[in-house]
Structures are given as structure tokens and as C-alpha cells.
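*Asks:* Please find one structure pasted underneath; my questions will follow.
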Amino acid sequence: MTRIIKTLLTLFVGLMCIFYALQNLVNLGGAFWFVETMASMANHEAYPNGFGPAVTSSALVWIILWIIIISELAAGGLAIKGSIDMWGARNANADAFNSAKKLGIAGALLGVLIWFGYFHAIGGAYIQMWQTEAGANALNGAFQYAMMCGLVAILLTQKDD
């Protein structure tokens, strides 16, 4: 039962990552607007001065957005492939099942990197997204996604006997 639950959790991490990437793609204009608005560090009232420069180049904004989308797709693909591998090894010995978790762990950890690293470390601390309503809402969501991915990664790294 534990192996099946770990497999399903990994699948859901993969689906979540893929779904967010697809939402960004079908709303590419809105996604660009959001990244552009956040990266510009505009409308910051509490801390109006950043220690580093804002990103105002459209080309750099597109690069940032594509890094996010490609990372989400990669995390989703790794996690889904990991869940398929885990499903195939669900009745195998412990070593085979533990080995089958590798891509699922990689996908979940890449999800942590995206939503903690990109959004909180860079977006929250450097860009100060928390100073705008849209940015604060995105940070709240990113925290939830990072924690879900992190929790699944922790569960997956526990050895199955």
C-alpha cells in the first residue's frame, strides 16, 4: 500500500508541474505580464529601493519566463516518469523499488527548486514580490507548491524495505 501511495503522490507532483506549465503556456501573455511586472520591481512602497537592479528588458523577461516554464515541464516529466517506473517496480524487491524512485525524487526536488528557489529566494527576497498583491498571492501559492514537492521528496527518499 505504501508503494502505491508513494507512486500516486509522485504522479500528482508531476501532474501539478505539467498543469502549471500548461497554464503558463495557454496564458502566455498574462504570464509574461506577471513576470515583467514582478521583475520591474514597480509599485514597491514598503521597501522602494532594491539592492540590485530591476529587470526591464523584454528579452530578459522572456528568458526568465521560459526558464520557469521549461523547469516546470522538466519537473513534471521527471516526476511522471518516476511514477511510471515506481508503478512498474511496485511488486519488485526493495532495491528495485528504491532505484525506481530516482526520477520521481528528481522531479519533486526540481519542483522545490522552482517554487522555493525561483519564487521565494529570487522573487521574494531579491525582487520583493511580497510588496504587491499579485506577487504576495503568487508567493503564497509557491510556498504551498514547494512544500508539497518537498514533502513528497522526503517521503520518496525514505528507503522501502
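Simple scheme: letters A, B, ... for chains in C-alpha cells order, numbers from 1 for residues in each chain, numbers from 1 for ligands in the order shown.
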Determine, using only C-alpha atoms, which residues of stretch 71-147 of chain A have any atom at most 9 Å from an atom of stretch 21-26 of chain A, and tabulate each with its shortest atom pair and distance in Å to one decimal place, rows ordered by chain and then rising number, as CSV.

*Replies:*
```
residue,atom,partner,partner_atom,distance
A:Ser71,CA,A:Ala21,CA,8.5
A:Glu72,CA,A:Ala21,CA,5.5
A:Leu73,CA,A:Ala21,CA,6.0
A:Gly76,CA,A:Ala21,CA,8.7
```

*Asks:* Keeping only all heavy atoms, write the selected residues to a file as a PDB file, in the first residue's frame.

*Replies:*
```pdb
ATOM      1  N   SER A  71      11.396  24.574 -16.756  1.00  0.00           N
ATOM      2  CA  SER A  71      11.663  23.892 -15.480  1.00  0.00           C
ATOM      3  C   SER A  71      10.426  23.149 -14.982  1.00  0.00           C
ATOM      4  O   SER A  71      10.527  22.019 -14.488  1.00  0.00           O
ATOM      5  CB  SER A  71      12.130  24.893 -14.422  1.00  0.00           C
ATOM      6  OG  SER A  71      13.339  25.489 -14.781  1.00  0.00           O
ATOM      7  N   GLU A  72       9.261  23.778 -15.104  1.00  0.00           N
ATOM      8  CA  GLU A  72       8.020  23.116 -14.700  1.00  0.00           C
ATOM      9  C   GLU A  72       7.773  21.874 -15.547  1.00  0.00           C
ATOM     10  O   GLU A  72       7.388  20.814 -15.010  1.00  0.00           O
ATOM     11  CB  GLU A  72       6.843  24.078 -14.809  1.00  0.00           C
ATOM     12  CG  GLU A  72       6.848  25.180 -13.778  1.00  0.00           C
ATOM     13  CD  GLU A  72       5.831  26.278 -14.051  1.00  0.00           C
ATOM     14  OE1 GLU A  72       5.354  26.425 -15.204  1.00  0.00           O
ATOM     15  OE2 GLU A  72       5.512  27.014 -13.097  1.00  0.00           O
ATOM     16  N   LEU A  73       7.987  21.990 -16.848  1.00  0.00           N
ATOM     17  CA  LEU A  73       7.814  20.827 -17.723  1.00  0.00           C
ATOM     18  C   LEU A  73       8.811  19.716 -17.374  1.00  0.00           C
ATOM     19  O   LEU A  73       8.448  18.533 -17.345  1.00  0.00           O
ATOM     20  CB  LEU A  73       7.960  21.233 -19.192  1.00  0.00           C
ATOM     21  CG  LEU A  73       6.837  22.074 -19.784  1.00  0.00           C
ATOM     22  CD1 LEU A  73       7.228  22.615 -21.148  1.00  0.00           C
ATOM     23  CD2 LEU A  73       5.540  21.267 -19.862  1.00  0.00           C
ATOM     24  N   GLY A  76       7.792  18.096 -14.084  1.00  0.00           N
ATOM     25  CA  GLY A  76       6.630  17.248 -14.323  1.00  0.00           C
ATOM     26  C   GLY A  76       6.987  15.977 -15.064  1.00  0.00           C
ATOM     27  O   GLY A  76       6.542  14.882 -14.704  1.00  0.00           O
TER      28      GLY A  76
END
```

*Asks:* What's the 6 Å shell around A:Asp85, counting only C-alpha atoms, without same-chain residues fewer than 3 positions away, as a list in words?

*Replies:*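 Contacts, in chain order: Gly82, Gly88 and Ala100 of chain A.
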
*Asks:* Find the residues around A:Trp87 up to 12 Å (only C-alpha atoms counted), leave out those fewer than 6 positions away in its own chain, and share them as a list in words.

*Replies:*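 My reading of the contact set: Met1, Thr2, Arg3, Ile4, Ile5, Lys6, Thr7, Leu8, Leu9, Thr10, Leu11, Ile80, Lys81, Ala96, Phe97, Asn98, Ala100, Lys101 and Gly104 of chain A.
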
*Asks:* List every residue of stretch 75-150 of chain A that has an atom at most 8 Å from any atom of stretch 44-60 of chain A, giving for each one its closest atom pair and the distance in Å to one decimal, counting only C-alpha atoms, sorted by chain and then by ascending residue number, as a tab-separated table.

*Replies:*
```
residue	atom	partner	partner_atom	distance
A:Tyr126	CA	A:Gly50	CA	7.6
A:Ile127	CA	A:Ala54	CA	7.5
A:Gln128	CA	A:His44	CA	7.9
A:Gln131	CA	A:His44	CA	5.6
A:Thr132	CA	A:His44	CA	6.9
```

*Asks:* Would you put the residues from that selection into a file with C-alpha atoms, as a tab-separated table (two decimals), in the first residue's frame?

*Replies:*
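Output contents, as saved in result-v6.tsv:
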```tsv
chain	number	residue	atom	x	y	z
A	126	TYR	CA	15.54	39.82	-4.33
A	127	ILE	CA	12.59	41.13	-6.34
A	128	GLN	CA	10.47	41.73	-3.21
A	131	GLN	CA	5.12	44.16	-1.77
A	132	THR	CA	2.40	43.79	-4.41
```

*Asks:* Select from stretch 54-150 of chain A everything DSSP, run on the backbone, classes as alpha helix (DSSP H), then give the selection as an NGL selection string.

*Replies:* :A and (58-88 or 94-100 or 102-112 or 133-150)

*Asks:* Please measure the separation of atom CA of A:Leu65 and atom CA of A:Ala146, giving the value in Å to one decimal.

*Replies:*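 Here the two named atoms are 18.1 Å from each other.
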
*Asks:* Using only C-alpha atoms, which residue out of A:Met129, A:Ala39, A:Ile68, A:Ile105 lies closest to A:Leu151?

*Replies:*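 Between A:Met129, A:Ala39, A:Ile68, A:Ile105, the residue approaching A:Leu151 most closely is A:Ile105.
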
*Asks:* Take atom CA of A:Trp66 and atom CA of A:Gly29 and report the distance between them in Å, one decimal.

*Replies:*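 Those two atoms sit 12.4 Å apart.
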
*Asks:* Separation of atom CA of A:Leu139 and atom CA of A:Ala74, in Å?

*Replies:*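 Atom-to-atom, atom CA of A:Leu139 and atom CA of A:Ala74 are spaced 21.0 Å apart.
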
*Asks:* Could you give me, as a count of residues only, the residues within 10 Å of A:Phe34, counting only C-alpha atoms and dropping anything in the same chain fewer than 2 positions from it?

*Replies:* 15
